[in-house]
Structure formats: structure tokens, C-alpha cells
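Written out below as C-alpha cells is the structure these notes cover.
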Amino acid sequence: MQSIPVDTARLGVLRCAIPPEAKISNSETREVKKDRDGNTVYTVAVTVRQDRRRISVIEIAVSGEPKGIEEGQIVKVTGLMAFAWAMGDRHGISFRADAITPVHGPPAAGPAKAGGGA
């Protein structure tokens, strides 16, 4: 499988859509996927929006649990690689990163919280 480096600077704003979840390698036994070093592999769904184009969601695998990542938060993805895969008549692109970290700044705009007025 060929790995293709991805220039995250050209992807625009990367925002967490679904916080880190342990990746399941066997759906029947619910076995959690591990990397070569025995670390649990997590997936984070990230939205990508370039230059006012429509939003795409990609799932990025990363070894070890990313800390401090919450839904709606802007994230930094380090060492992003894309992999083309094929299994029988199915094919696609998967993504893996060295790290996914939160970008600290103003929280994402969302619905107003009750009882928080001044």
C-alpha cells in the first residue's frame, strides 16, 4: 500500500466532528486495534473545508489516545498520510497521522446554553 503525504496547511480549517474513539479491528469480538508497539489505535472524525467549498469529513487513525480533543474544536494534525486501499471490488482512501492535538482558542459557535446570561 502506497503512502501519500498530505499537506495539512492546504486543507483549511480542521475541526473535530467526532472525538477520539478506539478503533475496532474485529466487529464480532469487539477487539480493539493495536499498532506494532501495542498502543491502541484511535480514530478521530475531522471536517475539512477549503476555500468555501463544501465540507468533507475524514476519519484519521492515530496511535495512542489524543488528549483534550472535543467535538467542534479546531485541531492540528501532524504527519498526515493518505493510503489507497482495495479489497475485492471495494476501494477507498484511509488516513493516518502521527498526532492530533487541540488548537486552543475561542470555542466553536453553537447553541446558547441555558442559564448563562449576564
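Ordering of the C-alpha cells sets the chain letters (A, B, ...), residue numbers begin anew at 1 in every chain, and ligands are numbered from 1 in the order given.
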Find the residues around stretch 70-87 of chain A up to 7 Å (only C-alpha atoms counted), leave out those fewer than 3 positions away in its own chain, and share them as an NGL selection string. :A and (1-6 or 14-19 or 90-103 or 107-108)
Nearest to A:Tyr42 among A:Glu65, A:Glu28, A:Asp89, A:Glu59, with distances taken over only C-alpha atoms: which residue is it? A:Glu65
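Nearest residue to A:Arg54 among A:Lys67, A:Asn39, A:Glu21, A:Gly12 is A:Gly12, counting only C-alpha atoms.
Put simply, atom CA of A:Arg30 is 29.2 Å away from atom CA of A:Val48.
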Hey, what's within 8 Å of A:Pro20 if we count only C-alpha atoms and toss same-chain stuff fewer than 6 positions away? As a JSON list (two decimals) with N, CA, C and O atoms, in the first residue's frame, please?
```json
[["chain", "number", "residue", "atom", "x", "y", "z"],
["A", 42, "TYR", "N", -6.70, 4.91, 17.72],
["A", 42, "TYR", "CA", -7.93, 5.68, 17.84],
["A", 42, "TYR", "C", -8.26, 6.31, 16.49],
["A", 42, "TYR", "O", -7.37, 6.54, 15.68],
["A", 43, "THR", "N", -9.54, 6.60, 16.29],
["A", 43, "THR", "CA", -9.94, 7.37, 15.12],
["A", 43, "THR", "C", -10.61, 8.66, 15.58],
["A", 43, "THR", "O", -11.30, 8.68, 16.60],
["A", 44, "VAL", "N", -10.38, 9.70, 14.82],
["A", 44, "VAL", "CA", -11.00, 11.00, 15.06],
["A", 44, "VAL", "C", -11.61, 11.43, 13.73],
["A", 44, "VAL", "O", -10.91, 11.45, 12.72],
["A", 45, "ALA", "N", -12.90, 11.74, 13.74],
["A", 45, "ALA", "CA", -13.53, 12.27, 12.53],
["A", 45, "ALA", "C", -13.28, 13.77, 12.50],
["A", 45, "ALA", "O", -13.54, 14.47, 13.47],
["A", 65, "GLU", "N", -4.23, 7.58, 22.57],
["A", 65, "GLU", "CA", -5.41, 8.44, 22.67],
["A", 65, "GLU", "C", -5.04, 9.92, 22.61],
["A", 65, "GLU", "O", -4.29, 10.41, 23.43],
["A", 66, "PRO", "N", -5.59, 10.64, 21.63],
["A", 66, "PRO", "CA", -5.37, 12.09, 21.59],
["A", 66, "PRO", "C", -6.07, 12.73, 22.79],
["A", 66, "PRO", "O", -7.22, 12.43, 23.07],
["A", 69, "ILE", "N", -9.26, 16.62, 22.98],
["A", 69, "ILE", "CA", -9.99, 16.84, 21.73],
["A", 69, "ILE", "C", -11.49, 16.73, 22.01],
["A", 69, "ILE", "O", -11.95, 15.73, 22.55]]
```
Contact residues around A:Arg49 with only C-alpha atoms at 9 Å, ignoring same-chain residues under 6 positions, as an mmCIF file with C-alpha atoms, in the first residue's frame:
```cif
data_model
loop_
_atom_site.group_PDB
_atom_site.id
_atom_site.type_symbol
_atom_site.label_atom_id
_atom_site.label_comp_id
_atom_site.auth_asym_id
_atom_site.auth_seq_id
_atom_site.Cartn_x
_atom_site.Cartn_y
_atom_site.Cartn_z
ATOM 1 C CA LEU A 11 -6.658 21.814 3.851
ATOM 2 C CA GLY A 12 -8.038 24.917 5.539
ATOM 3 C CA VAL A 13 -9.590 24.674 8.996
ATOM 4 C CA LEU A 14 -9.621 21.187 10.509
ATOM 5 C CA ILE A 55 -17.319 20.307 3.929
ATOM 6 C CA SER A 56 -15.810 16.819 3.791
ATOM 7 C CA VAL A 57 -15.413 14.513 6.782
#
```
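From atom CA of A:His104 back to atom CA of A:Arg10, the distance works out to 20.1 Å.
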